[in-house]
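Each remark here refers to the structure printed beneath this line.
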Amino acid sequence: MQFDNVVCAFCGCDCDDISVTVENGRITQARNACVLGKTWFLSHSAPAHLPVARIEGKTASLEQGIEAAARYLAQSRYPLIYGLSSTSCEAQRKSVELAEVLGGCIDCCTSVCHGPSGMALQGVGEPTCTLGEVKNRADLVIYWGSNPAESHPRHMTRYAVTPKGMFVPEGRKGRTVVLVDVRRTPSARTADIFLQIRPGKDFEALWALQALANGRELDKAGAAEIGLTLEQLNDLADRMMHCKFGVLFVGQGLTQTRGKHFNTSAAFLLVRALNRHAKFALMPMRGHGNVAGVDNVLAWQTGYPFGVNFSMGYPRFNPGEYTVVDVLSRGEADAALIVASDPAASLPGKAARRLAEIPTITLDAHESETTKIAKVAFATATAGIHAEGTVYRMDNIPIRLRKVLPSNYPSDEEVLSLLLARVKELKAC
Ligand code: SF4
């Protein structure tokens with residue numbers, strides 16, 4: 001059986017043109033998907049052999065798992081809900097409600113990737129566009145601190161560089177592609193111009209370009225400190241000011257290096273300054289398939305995109321205080337609910353160790369380092385393979401996921417709904 005126009009929900013590109021072949025209950029092909037997408041589809045193709053719930057490693061029924069997990073959460077004083085970037089918006093919405101009922105913290109993978117972009121967005125405003133506009137209009141495409149050839153393999157071919165667009169009929173030939181990074185990555189092969197700046201000098205480089213866009217002059221020594229020549233900086237600023245439609249894609253090379261939200265604020269301010277000369281937009285290169293979705297869900301329900309605390313009964317936002325690494329490594333969280341994420345394998349040691357000390361509950365389709373230390377582990381259906389749902393692409397366009405395989409497991413949304421109902425009973429809400 002073949003399913004066309006299936007969405008790959010592995011990375012923030014959320015490509016929706018995948019043709020999936022299912023034979024004997026397994027996915028055997030995922031045409032159009034890149035190597036990462038193919039691996040994602042095929043890795044979910046084999047039937048999982050995990051029990052639907054495990055309590056301290058022992059097989060349990062779904063009802064027993066819900067009861068145990070609800071009691072751990074209801075008894076905790078400062079629970080943390082984390083992950084959520086690889087599940088559906090419907091499950092994310094339930095998680096926000098659960099965090100509010102519990103009076104705990106809710107955070108998502110944004111806080112360890114594009115949190116600084118969210119902070120710059122709230123501080124400066126976001127001059128952005130859709131990937132459709134990029135495809136149809138962009139004649140100058142700049143990747144800064146991002147390596148799409150390896151992280152988002154179809155970004156260049158499907159959206160930003162090679163496709164022919166309404167106002168870019170020549171496709172690749174009609175666009176100039178610039179890569180700015182501290183090292184030469186495989187993406188440099190596609191770029192017309194590669195600018196290698198010195199590590200930790202992103203803020204200075206962006207500020208210098210903003211100065212040029214504002215009509216200031218720079219000296220050679222300042223440019224040299226950034227790692228570029230004055231000619232290179234002037235040339236890039238000139239291209240930015242004289243393009244028809246420019247777009248700046250920013251990656252974690254900007255958000256997770258020295259300067260963090262100062263870097264992203266400088267990028268947003270640069271784009272604001274450029275809009276006095278040309279049409280220009282900025283877009284964060286979001287990593288996980290629905291990390292943009294969880295920012296949207298949190299923002300529309302609480303006003304804040306990540307790191308939200310409900311312990312006062314209303315939402316509060318303070319990155320560095322209510323974000324996952326801080327809440328765990330300071331030993332504040334006394335229970336954790338992890339949805340579709342593996343923080344035990346990815347967070348700094350102190351934060352990861354805290355997860356093993358407290359009752360941790362997981363919802364995941366696969367066994368992971370976090371499910372291994374969980375007090376209660378639920379095996380769930382994967383959104384986009386075994387369950388429908390909504391995701392947001394990196395340009396904040398909502399896309400509906402399709403179900404291509406049957407599953408005996410409940411979806412994240414179903415488990416969270418049961419958990420929420422039982423926690424409400426226990427807390428007599
Ligand atoms: S680019 Fe991303 S969304 Fe598209 S097929 Fe590859 S992994 Fe999937």
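A note on labels: chains of the structure tokens are A, B, ... as shown, every chain counts residues from 1, and ligands are counted from 1 in their shown order.
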Quick one: DSSP strand (DSSP E) residues in range 86-255 of chain A, as a PDB file with all heavy atoms, in the first residue's frame?
```
ATOM      1  N   CYS A 105       6.503  23.408  36.663  1.00  0.00           N
ATOM      2  CA  CYS A 105       7.201  24.077  35.559  1.00  0.00           C
ATOM      3  C   CYS A 105       6.974  23.275  34.281  1.00  0.00           C
ATOM      4  O   CYS A 105       6.906  22.047  34.325  1.00  0.00           O
ATOM      5  CB  CYS A 105       8.709  24.063  35.802  1.00  0.00           C
ATOM      6  SG  CYS A 105       9.322  25.532  36.555  1.00  0.00           S
ATOM      7  N   ILE A 106       6.883  23.961  33.171  1.00  0.00           N
ATOM      8  CA  ILE A 106       6.857  23.264  31.880  1.00  0.00           C
ATOM      9  C   ILE A 106       7.898  23.923  30.982  1.00  0.00           C
ATOM     10  O   ILE A 106       7.968  25.146  30.886  1.00  0.00           O
ATOM     11  CB  ILE A 106       5.446  23.237  31.244  1.00  0.00           C
ATOM     12  CG1 ILE A 106       5.479  22.489  29.895  1.00  0.00           C
ATOM     13  CG2 ILE A 106       4.842  24.623  31.079  1.00  0.00           C
ATOM     14  CD1 ILE A 106       4.104  22.059  29.404  1.00  0.00           C
ATOM     15  N   LEU A 140      18.488  36.505  -2.115  1.00  0.00           N
ATOM     16  CA  LEU A 140      19.680  36.453  -1.254  1.00  0.00           C
ATOM     17  C   LEU A 140      19.347  35.590  -0.043  1.00  0.00           C
ATOM     18  O   LEU A 140      18.426  35.898   0.725  1.00  0.00           O
ATOM     19  CB  LEU A 140      20.079  37.866  -0.792  1.00  0.00           C
ATOM     20  CG  LEU A 140      21.265  37.914   0.180  1.00  0.00           C
ATOM     21  CD1 LEU A 140      22.551  37.381  -0.460  1.00  0.00           C
ATOM     22  CD2 LEU A 140      21.507  39.332   0.695  1.00  0.00           C
ATOM     23  N   VAL A 141      20.067  34.490   0.114  1.00  0.00           N
ATOM     24  CA  VAL A 141      19.808  33.545   1.204  1.00  0.00           C
ATOM     25  C   VAL A 141      21.077  33.434   2.040  1.00  0.00           C
ATOM     26  O   VAL A 141      22.139  33.071   1.516  1.00  0.00           O
ATOM     27  CB  VAL A 141      19.415  32.154   0.651  1.00  0.00           C
ATOM     28  CG1 VAL A 141      19.187  31.164   1.781  1.00  0.00           C
ATOM     29  CG2 VAL A 141      18.167  32.258  -0.227  1.00  0.00           C
ATOM     30  N   ILE A 142      20.957  33.770   3.327  1.00  0.00           N
ATOM     31  CA  ILE A 142      22.135  33.730   4.205  1.00  0.00           C
ATOM     32  C   ILE A 142      21.881  32.725   5.330  1.00  0.00           C
ATOM     33  O   ILE A 142      20.857  32.794   6.015  1.00  0.00           O
ATOM     34  CB  ILE A 142      22.415  35.128   4.808  1.00  0.00           C
ATOM     35  CG1 ILE A 142      22.619  36.146   3.684  1.00  0.00           C
ATOM     36  CG2 ILE A 142      23.633  35.093   5.736  1.00  0.00           C
ATOM     37  CD1 ILE A 142      22.746  37.580   4.172  1.00  0.00           C
ATOM     38  N   TYR A 143      22.781  31.794   5.487  1.00  0.00           N
ATOM     39  CA  TYR A 143      22.746  30.878   6.630  1.00  0.00           C
ATOM     40  C   TYR A 143      23.826  31.326   7.600  1.00  0.00           C
ATOM     41  O   TYR A 143      24.994  31.445   7.217  1.00  0.00           O
ATOM     42  CB  TYR A 143      23.030  29.433   6.198  1.00  0.00           C
ATOM     43  CG  TYR A 143      21.938  28.815   5.361  1.00  0.00           C
ATOM     44  CD1 TYR A 143      22.037  28.780   3.971  1.00  0.00           C
ATOM     45  CD2 TYR A 143      20.818  28.245   5.961  1.00  0.00           C
ATOM     46  CE1 TYR A 143      21.032  28.199   3.203  1.00  0.00           C
ATOM     47  CE2 TYR A 143      19.820  27.658   5.189  1.00  0.00           C
ATOM     48  CZ  TYR A 143      19.931  27.637   3.818  1.00  0.00           C
ATOM     49  OH  TYR A 143      18.941  27.061   3.058  1.00  0.00           O
ATOM     50  N   TRP A 144      23.435  31.551   8.847  1.00  0.00           N
ATOM     51  CA  TRP A 144      24.418  32.032   9.842  1.00  0.00           C
ATOM     52  C   TRP A 144      24.450  31.035  11.006  1.00  0.00           C
ATOM     53  O   TRP A 144      23.433  30.832  11.677  1.00  0.00           O
ATOM     54  CB  TRP A 144      24.009  33.424  10.352  1.00  0.00           C
ATOM     55  CG  TRP A 144      25.109  34.157  11.076  1.00  0.00           C
ATOM     56  CD1 TRP A 144      25.793  33.715  12.157  1.00  0.00           C
ATOM     57  CD2 TRP A 144      25.651  35.446  10.756  1.00  0.00           C
ATOM     58  NE1 TRP A 144      26.732  34.641  12.542  1.00  0.00           N
ATOM     59  CE2 TRP A 144      26.654  35.722  11.698  1.00  0.00           C
ATOM     60  CE3 TRP A 144      25.369  36.399   9.770  1.00  0.00           C
ATOM     61  CZ2 TRP A 144      27.395  36.910  11.697  1.00  0.00           C
ATOM     62  CZ3 TRP A 144      26.103  37.580   9.773  1.00  0.00           C
ATOM     63  CH2 TRP A 144      27.109  37.824  10.715  1.00  0.00           C
ATOM     64  N   THR A 176      21.695  34.309  -4.611  1.00  0.00           N
ATOM     65  CA  THR A 176      23.044  34.311  -4.041  1.00  0.00           C
ATOM     66  C   THR A 176      22.953  33.681  -2.652  1.00  0.00           C
ATOM     67  O   THR A 176      22.092  34.066  -1.851  1.00  0.00           O
ATOM     68  CB  THR A 176      23.594  35.750  -3.914  1.00  0.00           C
ATOM     69  OG1 THR A 176      23.552  36.347  -5.205  1.00  0.00           O
ATOM     70  CG2 THR A 176      25.013  35.758  -3.384  1.00  0.00           C
ATOM     71  N   VAL A 177      23.813  32.708  -2.408  1.00  0.00           N
ATOM     72  CA  VAL A 177      23.777  31.998  -1.125  1.00  0.00           C
ATOM     73  C   VAL A 177      25.060  32.298  -0.360  1.00  0.00           C
ATOM     74  O   VAL A 177      26.164  32.164  -0.895  1.00  0.00           O
ATOM     75  CB  VAL A 177      23.629  30.470  -1.339  1.00  0.00           C
ATOM     76  CG1 VAL A 177      23.592  29.740  -0.008  1.00  0.00           C
ATOM     77  CG2 VAL A 177      22.375  30.172  -2.146  1.00  0.00           C
ATOM     78  N   VAL A 178      24.882  32.739   0.882  1.00  0.00           N
ATOM     79  CA  VAL A 178      26.029  33.104   1.732  1.00  0.00           C
ATOM     80  C   VAL A 178      25.988  32.219   2.974  1.00  0.00           C
ATOM     81  O   VAL A 178      24.919  32.016   3.557  1.00  0.00           O
ATOM     82  CB  VAL A 178      25.960  34.591   2.153  1.00  0.00           C
ATOM     83  CG1 VAL A 178      27.157  34.973   3.004  1.00  0.00           C
ATOM     84  CG2 VAL A 178      25.844  35.489   0.927  1.00  0.00           C
ATOM     85  N   LEU A 179      27.125  31.710   3.362  1.00  0.00           N
ATOM     86  CA  LEU A 179      27.225  30.934   4.597  1.00  0.00           C
ATOM     87  C   LEU A 179      28.201  31.650   5.519  1.00  0.00           C
ATOM     88  O   LEU A 179      29.333  31.941   5.122  1.00  0.00           O
ATOM     89  CB  LEU A 179      27.722  29.520   4.301  1.00  0.00           C
ATOM     90  CG  LEU A 179      27.856  28.607   5.522  1.00  0.00           C
ATOM     91  CD1 LEU A 179      26.482  28.145   6.003  1.00  0.00           C
ATOM     92  CD2 LEU A 179      28.709  27.387   5.195  1.00  0.00           C
ATOM     93  N   VAL A 180      27.758  31.963   6.732  1.00  0.00           N
ATOM     94  CA  VAL A 180      28.637  32.576   7.730  1.00  0.00           C
ATOM     95  C   VAL A 180      28.781  31.581   8.873  1.00  0.00           C
ATOM     96  O   VAL A 180      27.778  31.156   9.463  1.00  0.00           O
ATOM     97  CB  VAL A 180      28.056  33.910   8.270  1.00  0.00           C
ATOM     98  CG1 VAL A 180      29.044  34.568   9.224  1.00  0.00           C
ATOM     99  CG2 VAL A 180      27.687  34.845   7.130  1.00  0.00           C
ATOM    100  N   ASP A 181      30.001  31.194   9.168  1.00  0.00           N
ATOM    101  CA  ASP A 181      30.200  30.215  10.238  1.00  0.00           C
ATOM    102  C   ASP A 181      31.643  30.312  10.732  1.00  0.00           C
ATOM    103  O   ASP A 181      32.482  30.953  10.091  1.00  0.00           O
ATOM    104  CB  ASP A 181      29.913  28.793   9.728  1.00  0.00           C
ATOM    105  CG  ASP A 181      29.320  27.909  10.829  1.00  0.00           C
ATOM    106  OD1 ASP A 181      29.623  28.168  12.010  1.00  0.00           O
ATOM    107  OD2 ASP A 181      28.575  26.972  10.509  1.00  0.00           O
ATOM    108  N   ILE A 193      29.262  32.358  -1.380  1.00  0.00           N
ATOM    109  CA  ILE A 193      30.235  33.074  -0.545  1.00  0.00           C
ATOM    110  C   ILE A 193      30.275  32.402   0.815  1.00  0.00           C
ATOM    111  O   ILE A 193      29.223  32.200   1.451  1.00  0.00           O
ATOM    112  CB  ILE A 193      29.802  34.550  -0.368  1.00  0.00           C
ATOM    113  CG1 ILE A 193      29.683  35.243  -1.727  1.00  0.00           C
ATOM    114  CG2 ILE A 193      30.764  35.299   0.546  1.00  0.00           C
ATOM    115  CD1 ILE A 193      28.978  36.592  -1.660  1.00  0.00           C
ATOM    116  N   PHE A 194      31.465  32.043   1.248  1.00  0.00           N
ATOM    117  CA  PHE A 194      31.616  31.505   2.607  1.00  0.00           C
ATOM    118  C   PHE A 194      32.464  32.484   3.413  1.00  0.00           C
ATOM    119  O   PHE A 194      33.586  32.819   3.024  1.00  0.00           O
ATOM    120  CB  PHE A 194      32.285  30.124   2.577  1.00  0.00           C
ATOM    121  CG  PHE A 194      32.669  29.637   3.956  1.00  0.00           C
ATOM    122  CD1 PHE A 194      31.707  29.492   4.948  1.00  0.00           C
ATOM    123  CD2 PHE A 194      33.991  29.350   4.273  1.00  0.00           C
ATOM    124  CE1 PHE A 194      32.046  29.067   6.224  1.00  0.00           C
ATOM    125  CE2 PHE A 194      34.341  28.916   5.542  1.00  0.00           C
ATOM    126  CZ  PHE A 194      33.371  28.769   6.520  1.00  0.00           C
ATOM    127  N   LEU A 195      31.919  32.951   4.521  1.00  0.00           N
ATOM    128  CA  LEU A 195      32.642  33.886   5.377  1.00  0.00           C
ATOM    129  C   LEU A 195      32.947  33.202   6.705  1.00  0.00           C
ATOM    130  O   LEU A 195      32.026  32.852   7.458  1.00  0.00           O
ATOM    131  CB  LEU A 195      31.809  35.149   5.620  1.00  0.00           C
ATOM    132  CG  LEU A 195      31.457  35.965   4.370  1.00  0.00           C
ATOM    133  CD1 LEU A 195      30.526  37.111   4.732  1.00  0.00           C
ATOM    134  CD2 LEU A 195      32.727  36.495   3.707  1.00  0.00           C
ATOM    135  N   GLN A 196      34.224  33.005   6.964  1.00  0.00           N
ATOM    136  CA  GLN A 196      34.616  32.330   8.205  1.00  0.00           C
ATOM    137  C   GLN A 196      34.986  33.384   9.245  1.00  0.00           C
ATOM    138  O   GLN A 196      36.023  34.034   9.138  1.00  0.00           O
ATOM    139  CB  GLN A 196      35.802  31.402   7.944  1.00  0.00           C
ATOM    140  CG  GLN A 196      36.150  30.573   9.170  1.00  0.00           C
ATOM    141  CD  GLN A 196      37.020  29.379   8.815  1.00  0.00           C
ATOM    142  OE1 GLN A 196      37.381  29.164   7.660  1.00  0.00           O
ATOM    143  NE2 GLN A 196      37.368  28.595   9.828  1.00  0.00           N
ATOM    144  N   PHE A 245      14.748  40.471  -2.127  1.00  0.00           N
ATOM    145  CA  PHE A 245      14.137  39.799  -0.965  1.00  0.00           C
ATOM    146  C   PHE A 245      15.238  38.946  -0.340  1.00  0.00           C
ATOM    147  O   PHE A 245      15.693  37.979  -0.939  1.00  0.00           O
ATOM    148  CB  PHE A 245      12.965  38.921  -1.426  1.00  0.00           C
ATOM    149  CG  PHE A 245      12.152  38.330  -0.295  1.00  0.00           C
ATOM    150  CD1 PHE A 245      10.840  38.741  -0.060  1.00  0.00           C
ATOM    151  CD2 PHE A 245      12.685  37.354   0.545  1.00  0.00           C
ATOM    152  CE1 PHE A 245      10.088  38.193   0.972  1.00  0.00           C
ATOM    153  CE2 PHE A 245      11.946  36.814   1.582  1.00  0.00           C
ATOM    154  CZ  PHE A 245      10.641  37.231   1.794  1.00  0.00           C
ATOM    155  N   GLY A 246      15.638  39.344   0.847  1.00  0.00           N
ATOM    156  CA  GLY A 246      16.700  38.591   1.528  1.00  0.00           C
ATOM    157  C   GLY A 246      16.141  37.844   2.725  1.00  0.00           C
ATOM    158  O   GLY A 246      15.128  38.248   3.312  1.00  0.00           O
ATOM    159  N   VAL A 247      16.800  36.743   3.065  1.00  0.00           N
ATOM    160  CA  VAL A 247      16.387  36.003   4.261  1.00  0.00           C
ATOM    161  C   VAL A 247      17.633  35.540   5.006  1.00  0.00           C
ATOM    162  O   VAL A 247      18.615  35.105   4.397  1.00  0.00           O
ATOM    163  CB  VAL A 247      15.438  34.820   3.911  1.00  0.00           C
ATOM    164  CG1 VAL A 247      16.104  33.825   2.962  1.00  0.00           C
ATOM    165  CG2 VAL A 247      14.956  34.113   5.163  1.00  0.00           C
ATOM    166  N   LEU A 248      17.579  35.694   6.322  1.00  0.00           N
ATOM    167  CA  LEU A 248      18.689  35.285   7.185  1.00  0.00           C
ATOM    168  C   LEU A 248      18.204  34.108   8.032  1.00  0.00           C
ATOM    169  O   LEU A 248      17.300  34.263   8.865  1.00  0.00           O
ATOM    170  CB  LEU A 248      19.090  36.467   8.080  1.00  0.00           C
ATOM    171  CG  LEU A 248      20.159  36.241   9.143  1.00  0.00           C
ATOM    172  CD1 LEU A 248      21.464  35.741   8.543  1.00  0.00           C
ATOM    173  CD2 LEU A 248      20.416  37.528   9.931  1.00  0.00           C
ATOM    174  N   PHE A 249      18.763  32.931   7.781  1.00  0.00           N
ATOM    175  CA  PHE A 249      18.442  31.753   8.582  1.00  0.00           C
ATOM    176  C   PHE A 249      19.486  31.631   9.686  1.00  0.00           C
ATOM    177  O   PHE A 249      20.688  31.550   9.386  1.00  0.00           O
ATOM    178  CB  PHE A 249      18.460  30.485   7.726  1.00  0.00           C
ATOM    179  CG  PHE A 249      17.335  30.401   6.728  1.00  0.00           C
ATOM    180  CD1 PHE A 249      17.568  30.592   5.377  1.00  0.00           C
ATOM    181  CD2 PHE A 249      16.033  30.117   7.143  1.00  0.00           C
ATOM    182  CE1 PHE A 249      16.535  30.510   4.458  1.00  0.00           C
ATOM    183  CE2 PHE A 249      14.990  30.026   6.221  1.00  0.00           C
ATOM    184  CZ  PHE A 249      15.242  30.230   4.884  1.00  0.00           C
ATOM    185  N   VAL A 250      19.038  31.641  10.942  1.00  0.00           N
ATOM    186  CA  VAL A 250      20.010  31.569  12.037  1.00  0.00           C
ATOM    187  C   VAL A 250      19.940  30.207  12.712  1.00  0.00           C
ATOM    188  O   VAL A 250      18.864  29.658  12.928  1.00  0.00           O
ATOM    189  CB  VAL A 250      19.795  32.701  13.081  1.00  0.00           C
ATOM    190  CG1 VAL A 250      20.023  34.056  12.447  1.00  0.00           C
ATOM    191  CG2 VAL A 250      18.422  32.638  13.713  1.00  0.00           C
TER     192      VAL A 250
END
```
Collect all residues with atoms no farther than 6 Å from ligand 1, counting only C-alpha atoms and all ligand atoms, and output them as a ChimeraX atom specification.
/A:8-11,13-15,33-34,36-37,152-155
Keeping only N, CA, C and O atoms, write those residues as a PDB file, in the first residue's frame.
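Ended up saving to result_0.pdb:
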```pdb
ATOM      1  N   CYS A   8       7.052  14.114   6.916  1.00  0.00           N
ATOM      2  CA  CYS A   8       8.165  13.633   7.746  1.00  0.00           C
ATOM      3  C   CYS A   8       8.294  14.610   8.899  1.00  0.00           C
ATOM      4  O   CYS A   8       8.557  15.787   8.690  1.00  0.00           O
ATOM      5  N   ALA A   9       8.094  14.122  10.107  1.00  0.00           N
ATOM      6  CA  ALA A   9       8.117  15.016  11.276  1.00  0.00           C
ATOM      7  C   ALA A   9       9.433  14.922  12.031  1.00  0.00           C
ATOM      8  O   ALA A   9       9.487  15.191  13.220  1.00  0.00           O
ATOM      9  N   PHE A  10      10.499  14.545  11.329  1.00  0.00           N
ATOM     10  CA  PHE A  10      11.773  14.405  12.048  1.00  0.00           C
ATOM     11  C   PHE A  10      12.421  15.753  12.336  1.00  0.00           C
ATOM     12  O   PHE A  10      12.833  16.036  13.434  1.00  0.00           O
ATOM     13  N   CYS A  11      12.524  16.613  11.306  1.00  0.00           N
ATOM     14  CA  CYS A  11      13.161  17.918  11.559  1.00  0.00           C
ATOM     15  C   CYS A  11      12.206  19.053  11.232  1.00  0.00           C
ATOM     16  O   CYS A  11      11.102  18.829  10.732  1.00  0.00           O
ATOM     17  N   CYS A  13      11.860  21.061   8.970  1.00  0.00           N
ATOM     18  CA  CYS A  13      11.388  21.267   7.594  1.00  0.00           C
ATOM     19  C   CYS A  13      10.007  20.658   7.389  1.00  0.00           C
ATOM     20  O   CYS A  13       9.250  21.108   6.528  1.00  0.00           O
ATOM     21  N   ASP A  14       9.689  19.610   8.160  1.00  0.00           N
ATOM     22  CA  ASP A  14       8.394  18.925   8.057  1.00  0.00           C
ATOM     23  C   ASP A  14       7.960  18.736   6.601  1.00  0.00           C
ATOM     24  O   ASP A  14       6.847  19.133   6.214  1.00  0.00           O
ATOM     25  N   CYS A  15       8.826  18.127   5.818  1.00  0.00           N
ATOM     26  CA  CYS A  15       8.534  17.914   4.390  1.00  0.00           C
ATOM     27  C   CYS A  15       7.232  17.116   4.244  1.00  0.00           C
ATOM     28  O   CYS A  15       7.090  16.039   4.845  1.00  0.00           O
ATOM     29  N   ALA A  33      12.201  11.341   0.940  1.00  0.00           N
ATOM     30  CA  ALA A  33      12.796  11.713   2.230  1.00  0.00           C
ATOM     31  C   ALA A  33      14.322  11.720   2.116  1.00  0.00           C
ATOM     32  O   ALA A  33      14.895  10.973   1.315  1.00  0.00           O
ATOM     33  N   CYS A  34      14.959  12.578   2.903  1.00  0.00           N
ATOM     34  CA  CYS A  34      16.426  12.594   2.949  1.00  0.00           C
ATOM     35  C   CYS A  34      16.900  11.422   3.814  1.00  0.00           C
ATOM     36  O   CYS A  34      16.089  10.664   4.354  1.00  0.00           O
ATOM     37  N   LEU A  36      18.030  11.372   6.782  1.00  0.00           N
ATOM     38  CA  LEU A  36      17.517  11.436   8.164  1.00  0.00           C
ATOM     39  C   LEU A  36      16.050  11.014   8.200  1.00  0.00           C
ATOM     40  O   LEU A  36      15.616  10.277   9.081  1.00  0.00           O
ATOM     41  N   GLY A  37      15.288  11.515   7.216  1.00  0.00           N
ATOM     42  CA  GLY A  37      13.865  11.184   7.162  1.00  0.00           C
ATOM     43  C   GLY A  37      13.645   9.697   6.927  1.00  0.00           C
ATOM     44  O   GLY A  37      12.784   9.078   7.560  1.00  0.00           O
ATOM     45  N   HIS A 152      19.379  19.785   8.231  1.00  0.00           N
ATOM     46  CA  HIS A 152      18.071  19.858   7.560  1.00  0.00           C
ATOM     47  C   HIS A 152      18.325  19.581   6.070  1.00  0.00           C
ATOM     48  O   HIS A 152      18.292  20.501   5.241  1.00  0.00           O
ATOM     49  N   PRO A 153      18.612  18.327   5.715  1.00  0.00           N
ATOM     50  CA  PRO A 153      19.169  18.054   4.379  1.00  0.00           C
ATOM     51  C   PRO A 153      18.330  18.535   3.197  1.00  0.00           C
ATOM     52  O   PRO A 153      18.868  18.771   2.130  1.00  0.00           O
ATOM     53  N   ARG A 154      17.012  18.705   3.343  1.00  0.00           N
ATOM     54  CA  ARG A 154      16.207  19.150   2.188  1.00  0.00           C
ATOM     55  C   ARG A 154      15.869  20.644   2.250  1.00  0.00           C
ATOM     56  O   ARG A 154      15.125  21.141   1.400  1.00  0.00           O
ATOM     57  N   HIS A 155      16.395  21.334   3.219  1.00  0.00           N
ATOM     58  CA  HIS A 155      16.065  22.767   3.350  1.00  0.00           C
ATOM     59  C   HIS A 155      16.474  23.545   2.112  1.00  0.00           C
ATOM     60  O   HIS A 155      15.719  24.354   1.572  1.00  0.00           O
TER      61      HIS A 155
END
```
Using only C-alpha atoms, which residue out of A:Leu401, A:Val6, A:Cys89, A:Leu363 lies closest to Asn32 in chain A?
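Of A:Leu401, A:Val6, A:Cys89, A:Leu363, the one nearest Asn32 in chain A, counting only C-alpha atoms, is A:Val6.
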Skipping near chain neighbours, those fewer than 4 positions away, what residues fall within 8 Å of range 403-415 of chain A using only C-alpha atoms, listed as a list in words?
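My list of contacting residues is Phe3, Val20, Val22, Gly25, Arg26, Val52, Ile66, Thr87, Ser88, Glu90, Ala91, Gln92, Lys94, Val339, Leu363, Ala379, Thr380, Ala381, Thr382, Ala383, Gly384, Ile385, His386, Ala387, Glu388 and Leu419 of chain A.
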Residues of range 331-381 of chain A that approach range 74-83 of chain A to 10 Å or less, counting only C-alpha atoms: could you list each one with the shortest pair of atoms and its distance in Å to one decimal, rows by chain and increasing residue number, as CSV?
```
residue,atom,partner,partner_atom,distance
A:Glu332,CA,A:Tyr78,CA,6.9
A:Ala333,CA,A:Tyr78,CA,5.2
A:Asp334,CA,A:Tyr78,CA,5.7
A:Ala335,CA,A:Pro79,CA,4.7
A:Ala336,CA,A:Leu80,CA,4.7
A:Leu337,CA,A:Ile81,CA,4.7
A:Ile338,CA,A:Tyr82,CA,5.0
A:Val339,CA,A:Gly83,CA,5.1
A:Ala340,CA,A:Gly83,CA,6.0
A:Ser341,CA,A:Gly83,CA,5.0
A:Asp342,CA,A:Gly83,CA,7.8
A:Pro343,CA,A:Gly83,CA,7.7
A:Ile358,CA,A:Ser76,CA,9.8
A:Pro359,CA,A:Ser76,CA,9.1
A:Thr360,CA,A:Leu80,CA,9.4
A:Ile361,CA,A:Ile81,CA,9.4
A:Thr362,CA,A:Tyr82,CA,9.8
A:Leu363,CA,A:Gly83,CA,9.8
```
So, counting only C-alpha atoms, which residue among A:Ala345, A:Arg316, A:Val308, A:Glu425 is closest to Glu367 in chain A?
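Among the listed residues, A:Ala345 lies closest to Glu367 in chain A.
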Counting only C-alpha atoms, which residues in range 179-214 of chain A sit no more than 8 Å from range 267-273 of chain A? For each one, give the nearest pair of atoms and the distance in Å, sorted by chain then residue number, as CSV.
```
residue,atom,partner,partner_atom,distance
A:Leu206,CA,A:Ala267,CA,6.0
A:Trp207,CA,A:Leu270,CA,7.2
A:Leu209,CA,A:Leu270,CA,7.0
A:Gln210,CA,A:Leu270,CA,4.8
A:Ala213,CA,A:Ala273,CA,6.3
A:Asn214,CA,A:Ala273,CA,6.8
```
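The residue that comes closest to Pro398 in chain A, out of A:Leu347, A:Ala292, A:Leu282, A:Met166 and on the basis of only C-alpha atoms, is A:Ala292.
You can rank A:Val182, A:Glu67, A:Ala60, A:Gly115 by their closest distance to Thr323 in chain A using only C-alpha atoms, and at the top of that list sits A:Gly115.
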Leu233 in chain A surroundings by only C-alpha atoms, 9 Å radius, close-in-sequence under 3 positions cut, as a PyMOL selection string
chain A and resi 205+208-209+212+223+228-230+236-238
Pull N, CA, C and O atoms from the residues just selected and write them as a short mmCIF file (atom, residue, chain, number, x, y, z; two decimals), in the first residue's frame.
```cif
data_model
loop_
_atom_site.label_atom_id
_atom_site.label_comp_id
_atom_site.auth_asym_id
_atom_site.auth_seq_id
_atom_site.Cartn_x
_atom_site.Cartn_y
_atom_site.Cartn_z
N ALA A 205 30.11 40.80 14.51
CA ALA A 205 29.90 40.78 13.06
C ALA A 205 28.51 41.31 12.71
O ALA A 205 28.35 42.12 11.79
N ALA A 208 28.38 45.04 13.35
CA ALA A 208 29.11 45.78 12.30
C ALA A 208 28.25 45.91 11.05
O ALA A 208 28.18 46.99 10.43
N LEU A 209 27.56 44.83 10.68
CA LEU A 209 26.69 44.89 9.49
C LEU A 209 25.53 45.85 9.71
O LEU A 209 25.13 46.59 8.81
N LEU A 212 26.83 49.31 9.19
CA LEU A 212 26.94 49.62 7.75
C LEU A 212 25.55 49.89 7.15
O LEU A 212 25.38 50.81 6.34
N ALA A 223 37.19 45.07 11.57
CA ALA A 223 36.84 43.93 10.72
C ALA A 223 37.79 42.76 10.99
O ALA A 223 37.36 41.59 11.06
N LEU A 228 37.30 38.94 9.43
CA LEU A 228 37.01 39.22 8.03
C LEU A 228 37.80 40.46 7.60
O LEU A 228 38.35 41.19 8.43
N THR A 229 37.80 40.72 6.30
CA THR A 229 38.37 41.97 5.82
C THR A 229 37.24 43.00 5.73
O THR A 229 36.06 42.65 5.66
N LEU A 230 37.64 44.27 5.68
CA LEU A 230 36.64 45.32 5.54
C LEU A 230 35.88 45.17 4.23
O LEU A 230 34.67 45.40 4.16
N LEU A 236 29.14 42.17 1.87
CA LEU A 236 27.94 41.50 2.38
C LEU A 236 26.85 42.53 2.70
O LEU A 236 25.67 42.34 2.34
N ALA A 237 27.25 43.63 3.35
CA ALA A 237 26.25 44.67 3.68
C ALA A 237 25.63 45.22 2.40
O ALA A 237 24.41 45.44 2.33
N ASP A 238 26.45 45.41 1.38
CA ASP A 238 25.95 45.93 0.11
C ASP A 238 24.94 44.97 -0.53
O ASP A 238 23.88 45.38 -1.01
#
```
